[in-house]
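Student: This is the content of coords-v5.cif (mmCIF, C-alpha atoms and all ligand atoms):
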```cif
data_structure
#
loop_
_atom_site.label_atom_id
_atom_site.label_comp_id
_atom_site.auth_asym_id
_atom_site.auth_seq_id
_atom_site.Cartn_x
_atom_site.Cartn_y
_atom_site.Cartn_z
CA MET A 219 14.78 -29.17 -63.06
CA VAL A 220 11.90 -29.21 -65.55
CA GLU A 221 9.68 -32.22 -64.90
CA LYS A 222 8.68 -34.27 -67.91
CA LYS A 223 5.01 -33.82 -68.73
CA LEU A 224 3.24 -37.15 -68.46
CA SER A 225 1.10 -38.54 -71.23
CA VAL A 226 -1.95 -40.73 -70.75
CA TRP A 227 -3.81 -43.15 -73.00
CA LEU A 228 -7.45 -42.28 -73.57
CA GLU A 229 -9.68 -44.18 -75.93
CA GLY A 230 -6.85 -45.32 -78.19
CA LYS A 231 -4.89 -42.07 -78.24
CA ILE A 232 -1.84 -40.95 -76.27
CA ILE A 233 -2.38 -37.37 -75.15
CA ASP A 234 -1.04 -34.90 -72.55
CA SER A 235 -2.37 -35.81 -69.12
CA ASP A 236 -3.83 -32.34 -68.58
CA LYS A 237 -5.92 -32.73 -71.75
CA ALA A 238 -7.66 -35.82 -70.36
CA THR A 239 -10.63 -34.27 -68.58
CA VAL A 240 -14.24 -35.27 -67.94
CA PRO A 241 -17.38 -33.34 -66.97
CA ILE A 242 -18.12 -33.38 -63.24
CA LEU A 243 -21.46 -35.09 -63.88
CA THR A 244 -19.67 -38.12 -65.35
CA HIS A 245 -21.53 -41.22 -64.14
CA SER A 246 -18.48 -42.95 -62.66
CA LEU A 247 -17.41 -39.80 -60.84
CA GLN A 248 -20.86 -39.38 -59.30
CA TYR A 249 -21.66 -43.02 -58.57
CA GLY A 250 -18.30 -44.81 -58.29
CA SER A 251 -19.09 -47.06 -61.23
CA GLY A 252 -15.56 -47.35 -62.60
CA ILE A 253 -13.28 -50.37 -62.56
CA PHE A 254 -9.50 -50.16 -62.43
CA GLU A 255 -6.14 -51.86 -61.97
CA GLY A 256 -2.88 -50.96 -60.27
CA ILE A 257 0.29 -52.41 -61.75
CA ARG A 258 3.95 -51.83 -60.84
CA VAL A 259 6.79 -51.17 -63.23
CA TYR A 260 10.31 -52.18 -62.15
CA GLU A 261 13.79 -51.56 -63.41
CA THR A 262 15.65 -54.78 -64.11
CA SER A 263 19.10 -55.51 -65.48
CA LYS A 264 17.41 -56.52 -68.74
CA GLY A 265 15.40 -53.30 -69.02
CA VAL A 266 12.16 -51.83 -67.73
CA ALA A 267 9.48 -54.45 -67.01
CA ILE A 268 5.81 -54.44 -66.05
CA PHE A 269 5.04 -56.96 -63.30
CA ARG A 270 2.34 -59.56 -64.04
CA LEU A 271 0.75 -57.33 -66.66
CA GLY A 272 -1.30 -60.11 -68.25
CA ASP A 273 -2.79 -61.14 -64.90
CA HIS A 274 -3.76 -57.56 -64.11
CA ILE A 275 -5.40 -57.06 -67.49
CA ARG A 276 -7.30 -60.34 -67.10
CA ARG A 277 -8.60 -59.16 -63.71
CA PHE A 278 -9.50 -55.79 -65.27
CA LEU A 279 -11.57 -57.54 -67.96
CA ASN A 280 -13.22 -59.73 -65.33
CA SER A 281 -14.11 -56.69 -63.22
CA ALA A 282 -15.79 -55.21 -66.31
CA LYS A 283 -17.55 -58.51 -67.00
CA VAL A 284 -19.07 -58.68 -63.51
CA TYR A 285 -20.71 -55.30 -64.12
CA SER A 286 -21.60 -56.10 -67.78
CA MET A 287 -19.46 -53.13 -68.67
CA LYS A 288 -18.78 -53.16 -72.39
CA LEU A 289 -15.22 -52.13 -73.13
CA ASN A 290 -14.26 -51.15 -76.66
CA TYR A 291 -10.83 -52.70 -76.19
CA GLY A 292 -9.74 -56.27 -75.59
CA PHE A 293 -6.84 -57.94 -73.80
CA ASP A 294 -4.23 -57.31 -76.50
CA GLU A 295 -5.14 -53.68 -77.08
CA ILE A 296 -5.08 -52.78 -73.39
CA THR A 297 -1.86 -54.72 -72.80
CA ASP A 298 -0.16 -53.02 -75.77
CA ALA A 299 -1.45 -49.62 -74.62
CA CYS A 300 0.11 -50.09 -71.16
CA ILE A 301 3.47 -51.03 -72.68
CA LYS A 302 3.37 -48.14 -75.14
CA LEU A 303 2.50 -45.62 -72.41
CA VAL A 304 5.27 -46.76 -70.06
CA LYS A 305 7.66 -46.33 -72.98
CA THR A 306 6.23 -42.93 -73.97
CA ASN A 307 6.55 -41.62 -70.42
CA GLY A 308 10.10 -42.93 -70.16
CA LEU A 309 9.41 -44.63 -66.83
CA ALA A 310 12.22 -46.64 -65.27
CA SER A 311 9.89 -47.70 -62.47
CA GLY A 312 6.42 -46.64 -61.42
CA TYR A 313 2.77 -47.50 -61.57
CA VAL A 314 0.24 -48.14 -64.32
CA ARG A 315 -3.43 -47.42 -63.70
CA PRO A 316 -5.91 -48.68 -66.31
CA PHE A 317 -9.38 -47.32 -65.57
CA ALA A 318 -12.71 -47.90 -67.33
CA PHE A 319 -15.59 -45.58 -66.59
CA TYR A 320 -19.07 -44.65 -67.71
CA HIS A 321 -18.72 -41.25 -69.35
CA ASP A 322 -22.45 -40.50 -69.51
CA THR A 323 -23.50 -37.30 -67.71
CA ARG A 324 -27.23 -38.00 -67.38
CA ILE A 325 -28.63 -38.24 -63.86
CA GLY A 326 -29.62 -41.82 -62.99
CA VAL A 327 -27.78 -44.78 -61.54
CA SER A 328 -28.57 -47.41 -64.17
CA THR A 329 -25.74 -47.97 -66.64
CA GLU A 330 -28.03 -49.40 -69.31
CA GLY A 331 -27.21 -47.84 -72.66
CA LYS A 332 -24.42 -45.75 -71.15
CA GLY A 333 -21.02 -45.62 -72.87
CA VAL A 334 -17.70 -46.64 -71.39
CA SER A 335 -14.30 -45.00 -71.86
CA VAL A 336 -10.97 -46.62 -71.14
CA PHE A 337 -8.11 -44.56 -69.75
CA ILE A 338 -4.58 -45.52 -68.72
CA ALA A 339 -2.08 -43.54 -66.67
CA ALA A 340 1.57 -44.49 -66.13
CA LEU A 341 3.45 -42.48 -63.54
CA PRO A 342 6.42 -42.56 -61.19
CA PHE A 343 5.51 -44.13 -57.85
CA GLY A 344 7.52 -45.01 -54.78
CA ASP A 345 6.74 -46.23 -51.28
CA TYR A 346 3.00 -46.55 -50.70
CA PHE A 347 3.49 -46.01 -46.97
CA ASP A 348 5.55 -42.81 -47.31
CA GLY A 349 8.89 -44.18 -46.18
CA LYS A 350 7.52 -46.78 -43.74
CA HIS A 351 8.06 -49.76 -46.01
CA GLU A 352 11.25 -50.81 -44.23
CA LYS A 353 10.19 -49.85 -40.71
CA GLY A 354 6.82 -51.58 -40.96
CA VAL A 355 3.35 -50.23 -40.26
CA THR A 356 0.92 -50.03 -37.37
CA CYS A 357 -2.64 -51.21 -37.95
CA LYS A 358 -6.00 -50.73 -36.34
CA ILE A 359 -8.65 -53.41 -36.62
CA SER A 360 -11.36 -51.34 -38.18
CA SER A 361 -14.75 -50.76 -36.63
CA TRP A 362 -15.99 -51.00 -40.23
CA HIS A 363 -16.41 -54.50 -41.63
CA ARG A 364 -15.27 -55.54 -45.08
CA ILE A 365 -18.03 -55.45 -47.67
CA ASN A 366 -19.03 -58.97 -48.61
CA SER A 367 -20.08 -60.73 -51.76
CA SER A 368 -23.75 -60.61 -50.89
CA ILE A 369 -23.49 -56.80 -50.99
CA LEU A 370 -21.00 -56.16 -53.78
CA PRO A 371 -18.71 -58.36 -55.85
CA VAL A 372 -15.51 -58.00 -53.83
CA GLU A 373 -13.41 -59.78 -56.43
CA ALA A 374 -14.11 -56.99 -58.90
CA LYS A 375 -11.70 -54.09 -58.51
CA ALA A 376 -14.44 -51.49 -58.69
CA SER A 377 -14.17 -47.87 -57.59
CA GLY A 378 -17.25 -48.06 -55.36
CA ASN A 379 -15.68 -50.82 -53.25
CA TYR A 380 -13.02 -48.35 -52.22
CA LEU A 381 -15.41 -46.30 -50.09
CA ASN A 382 -15.16 -49.20 -47.64
CA SER A 383 -11.37 -48.95 -47.92
CA ILE A 384 -11.39 -45.17 -47.54
CA ILE A 385 -13.57 -45.05 -44.45
CA SER A 386 -11.54 -47.73 -42.65
CA SER A 387 -8.21 -46.26 -43.67
CA ASN A 388 -9.26 -42.75 -42.60
CA GLU A 389 -10.53 -44.07 -39.29
CA ALA A 390 -7.18 -45.78 -38.61
CA ARG A 391 -5.16 -42.70 -39.57
CA SER A 392 -7.35 -40.38 -37.52
CA VAL A 393 -6.27 -42.20 -34.37
CA GLY A 394 -2.59 -42.43 -35.28
CA PHE A 395 -2.30 -45.79 -37.05
CA ASP A 396 -0.79 -46.21 -40.52
CA GLU A 397 -3.42 -48.56 -41.90
CA ALA A 398 -6.60 -50.50 -41.16
CA ILE A 399 -7.30 -54.22 -41.09
CA LEU A 400 -10.85 -55.14 -42.03
CA THR A 401 -12.71 -58.14 -40.67
CA SER A 402 -15.84 -59.82 -41.92
CA GLY A 403 -19.14 -59.32 -40.12
CA ASP A 404 -18.54 -62.54 -38.18
CA GLY A 405 -15.10 -61.54 -36.93
CA TYR A 406 -12.76 -63.24 -39.38
CA VAL A 407 -9.82 -61.39 -40.83
CA ALA A 408 -10.38 -60.21 -44.40
CA GLU A 409 -7.73 -57.78 -45.68
CA GLY A 410 -6.36 -54.27 -45.60
CA PRO A 411 -8.01 -51.40 -47.47
CA GLY A 412 -5.66 -52.00 -50.40
CA GLU A 413 -3.66 -55.06 -49.37
CA ASN A 414 -4.05 -58.74 -48.64
CA ILE A 415 -2.74 -60.04 -45.35
CA PHE A 416 -0.51 -62.97 -44.38
CA LEU A 417 0.54 -64.30 -41.01
CA VAL A 418 3.15 -66.73 -39.81
CA LYS A 419 2.37 -68.91 -36.85
CA ASP A 420 4.46 -71.82 -35.58
CA GLY A 421 6.40 -71.80 -38.85
CA LYS A 422 3.27 -71.96 -40.99
CA LEU A 423 2.34 -69.35 -43.57
CA ILE A 424 -1.39 -68.57 -43.46
CA THR A 425 -3.64 -66.22 -45.43
CA PRO A 426 -7.43 -65.77 -45.59
CA GLY A 427 -8.90 -67.77 -48.49
CA ALA A 428 -11.24 -66.87 -51.34
CA GLY A 429 -14.25 -67.30 -49.05
CA ALA A 430 -13.06 -64.45 -46.83
CA ASP A 431 -14.50 -61.70 -49.05
CA ILE A 432 -11.18 -60.43 -50.25
CA LEU A 433 -9.84 -59.10 -53.49
CA MET A 434 -7.82 -62.03 -54.82
CA GLY A 435 -4.59 -60.09 -55.04
CA ILE A 436 -1.95 -60.76 -57.63
CA THR A 437 0.78 -60.07 -55.05
CA ARG A 438 -0.97 -62.59 -52.77
CA ASP A 439 -0.80 -65.10 -55.60
CA SER A 440 2.88 -64.26 -56.19
CA ILE A 441 3.69 -64.85 -52.51
CA ILE A 442 1.82 -68.17 -52.53
CA LYS A 443 3.72 -69.30 -55.63
CA ILE A 444 7.08 -68.09 -54.26
CA ALA A 445 6.42 -69.87 -50.94
CA MET A 446 5.44 -73.10 -52.68
CA ASN A 447 8.49 -72.86 -54.91
CA SER A 448 10.66 -72.50 -51.78
CA GLY A 449 9.06 -75.52 -50.13
CA ILE A 450 7.10 -73.40 -47.63
CA GLY A 451 3.62 -74.73 -46.95
CA ILE A 452 0.72 -72.31 -47.20
CA GLU A 453 -2.70 -72.53 -45.61
CA GLU A 454 -5.51 -70.56 -47.27
CA ARG A 455 -8.25 -70.56 -44.68
CA ALA A 456 -10.39 -68.55 -42.31
CA VAL A 457 -8.32 -66.58 -39.79
CA HIS A 458 -9.81 -65.45 -36.53
CA ARG A 459 -8.89 -62.05 -35.17
CA GLU A 460 -7.12 -63.46 -32.12
CA GLU A 461 -5.01 -65.70 -34.33
CA LEU A 462 -3.74 -62.58 -36.03
CA LEU A 463 -2.96 -60.90 -32.74
CA THR A 464 -0.97 -63.89 -31.51
CA ALA A 465 0.86 -64.47 -34.81
CA ASP A 466 4.66 -64.58 -34.92
CA GLU A 467 4.78 -62.42 -38.05
CA VAL A 468 2.18 -60.48 -40.01
CA PHE A 469 2.59 -58.71 -43.34
CA PHE A 470 0.62 -56.98 -46.06
CA ALA A 471 0.93 -57.97 -49.70
CA GLY A 472 -0.27 -55.73 -52.50
CA THR A 473 0.93 -54.11 -55.69
CA ALA A 474 1.25 -50.67 -54.08
CA ALA A 475 2.27 -51.85 -50.57
CA GLU A 476 4.48 -54.65 -51.97
CA ILE A 477 5.51 -56.71 -48.91
CA THR A 478 5.24 -54.53 -45.81
CA HIS A 479 5.49 -56.02 -42.34
CA ILE A 480 2.96 -55.07 -39.69
CA ARG A 481 4.71 -54.16 -36.47
CA ARG A 482 1.71 -53.48 -34.28
CA ILE A 483 -2.00 -54.34 -34.42
CA ASP A 484 -4.04 -52.20 -32.03
CA SER A 485 -1.94 -52.38 -28.85
CA VAL A 486 -0.29 -55.72 -29.68
CA ILE A 487 3.34 -55.57 -30.85
CA ILE A 488 4.16 -58.22 -33.47
CA ASN A 489 7.61 -59.88 -33.37
CA ASP A 490 9.08 -57.09 -31.19
CA GLY A 491 8.14 -54.63 -33.92
CA VAL A 492 10.57 -55.94 -36.51
CA ALA A 493 10.09 -57.97 -39.69
CA GLY A 494 10.29 -61.69 -38.95
CA PRO A 495 12.55 -64.16 -40.79
CA LEU A 496 9.90 -65.61 -43.11
CA THR A 497 8.55 -62.14 -43.96
CA LYS A 498 12.08 -60.96 -44.80
CA MET A 499 12.78 -64.01 -46.90
CA LEU A 500 9.52 -63.73 -48.86
CA ALA A 501 9.92 -59.96 -49.30
CA GLN A 502 13.41 -60.50 -50.72
CA LYS A 503 12.21 -63.24 -53.07
CA TYR A 504 9.29 -61.08 -54.19
CA SER A 505 11.63 -58.17 -54.86
CA ASP A 506 13.98 -60.48 -56.76
CA ALA A 507 11.11 -61.76 -58.91
CA ALA A 508 9.88 -58.22 -59.61
CA HIS A 509 13.39 -57.01 -60.50
CA GLY A 510 14.13 -59.91 -62.83
CA LYS A 511 16.65 -61.55 -60.50
CA ASP A 512 14.86 -64.87 -60.16
CA PRO A 513 14.98 -67.03 -63.32
CA GLU A 514 12.05 -69.04 -61.97
CA PHE A 515 9.65 -66.11 -62.33
CA MET A 516 10.90 -64.28 -65.42
CA ASN A 517 7.58 -65.03 -67.12
CA TRP A 518 5.94 -62.55 -64.70
CA LEU A 519 7.75 -59.72 -66.45
CA THR A 520 6.68 -57.93 -69.61
CA PHE A 521 9.59 -55.91 -70.93
CA VAL A 522 8.66 -52.59 -72.49
C1 LIG B 601 -8.81 -54.29 -51.32
C2 LIG B 601 -7.55 -54.80 -51.89
N1 LIG B 601 -7.09 -56.00 -51.48
C3 LIG B 601 -5.95 -56.51 -51.95
C4 LIG B 601 -5.18 -55.82 -52.87
C5 LIG B 601 -3.92 -56.42 -53.40
O1 LIG B 601 -4.11 -56.80 -54.74
P1 LIG B 601 -2.90 -56.82 -55.75
O2 LIG B 601 -1.84 -57.63 -55.12
O3 LIG B 601 -3.45 -57.47 -56.97
O4 LIG B 601 -2.47 -55.43 -55.98
C6 LIG B 601 -5.61 -54.57 -53.33
C7 LIG B 601 -4.85 -53.81 -54.31
O5 LIG B 601 -5.09 -53.90 -55.47
C8 LIG B 601 -6.83 -54.05 -52.83
O6 LIG B 601 -7.27 -52.86 -53.23
#
```
Hey, can you dump this file as structure tokens for me?

Tutor:
Amino acid sequence: MVEKKLSVWLEGKIIDSDKATVPILTHSLQYGSGIFEGIRVYETSKGVAIFRLGDHIRRFLNSAKVYSMKLNYGFDEITDACIKLVKTNGLASGYVRPFAFYHDTRIGVSTEGKGVSVFIAALPFGDYFDGKHEKGVTCKISSWHRINSSILPVEAKASGNYLNSIISSNEARSVGFDEAILTSGDGYVAEGPGENIFLVKDGKLITPGAGADILMGITRDSIIKIAMNSGIGIEERAVHREELLTADEVFFAGTAAEITHIRRIDSVIINDGVAGPLTKMLAQKYSDAAHGKDPEFMNWLTFV
């Protein structure tokens, strides 16, 4: 079977993906100064739809704003470009990755006077955990702490932040776990390297709040809204490490990870290693919303 060549959007033009290249000295490649988004595309009975596109593009623009990064494209242009690219690539489901980067090749960390390019990829994408989505994942509490807002703006989805994600994720994998869980310097639970975290304890749904130095995930927000809509109370607050270990259910929420239950944290088995009832219910409702099966959340879908 001949695979369809993917196109990308670069600075207003749709071109072959292999034509979109940059010099190795590109500022954002050397210094991690890019900002990006990750957005899922789902097949629905009413056609292909991009999930919470507007919210992702708003976060993208805010990430740029935090770094005073001047983009040559606004909300409407980037939104339209994502839709057009998904259509061009004929995706039924997959992932959209808008990325803004400093293209300057001069040596020097300052971005003053340096130009920014915007790029978008749209590609097929499946299970983030390589087939473990259903089975659940094992997690190691990382020896690396989550970066905090006095060091870097954690609410900006910036490339450089991901070094913290990479080192913790690699550490976890190197000792046989699927993923890491990062805590703050004072021992509170923050998030996964690319996922927010929820726990269920005594029937209550709990997730670390904005003060926990987390990326305010759009999936996290979807789960909160779905829970509220289903009459399930939610507590956004500080979560101590031992509270996580003694939780009845724990799950990750993220665009790539979707809703994935955590079956073991370090040596502690959660809910006998299987997804708990609230996790299953929320995962199903999230999937329904993403696949256009829940009339309540149809406004989260942008049809291409
Ligand atoms: C560090 C981090 N936390 C949380 C999330 C979840 O965010 P979202 O649900 O918007 O994908 C992500 C993924 O984008 C992430 O990279």

Student: Neighbours of ligand LIG 601 (chain B) at 8 Å or closer, counting all atoms listed in the file: which residues, as a ChimeraX atom specification?

Tutor: /A:255-257,274,375,379-380,383,409-414,432-439,471-474,476

Student: Residues near Ile477 in chain A, anyone? I mean within 8 Å using all atoms listed in the file, not counting same-chain ones fewer than 6 positions away, as a list in words.

Tutor: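 So the residues in contact are His351, Phe469, Phe470, Ala471, Thr497, Ala501 and Tyr504 of chain A.
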
Student: Please list as a PyMOL selection string every residue within 6 Å of range 482-491 of chain A, counting all atoms listed in the file and excluding residues in the same chain fewer than 2 positions away.

Tutor: chain A and resi 356-358+466+480

Student: Go ahead and save the residues from that selection, with C-alpha atoms, as a compact mmCIF listing (two decimals), in the frame of the given file.

Tutor:
```txt
# COMPACT_ATOMS: atom_id res chain seq x y z
CA THR A 356 0.92 -50.03 -37.37
CA CYS A 357 -2.64 -51.21 -37.95
CA LYS A 358 -6.00 -50.73 -36.34
CA ASP A 466 4.66 -64.58 -34.92
CA ILE A 480 2.96 -55.07 -39.69
```

Student: One decimal, Å: what's the distance from CA of Phe347 in chain A over to CA of Ile268 in chain A, could you say?

Tutor: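 If I compute the distance from CA of Phe347 in chain A to CA of Ile268 in chain A, I get 21.0 Å.
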
Student: For CA of Ser335 in chain A and CA of Phe319 in chain A, determine how far apart the two atoms are, in Å to one decimal place.

Tutor: 5.5 Å
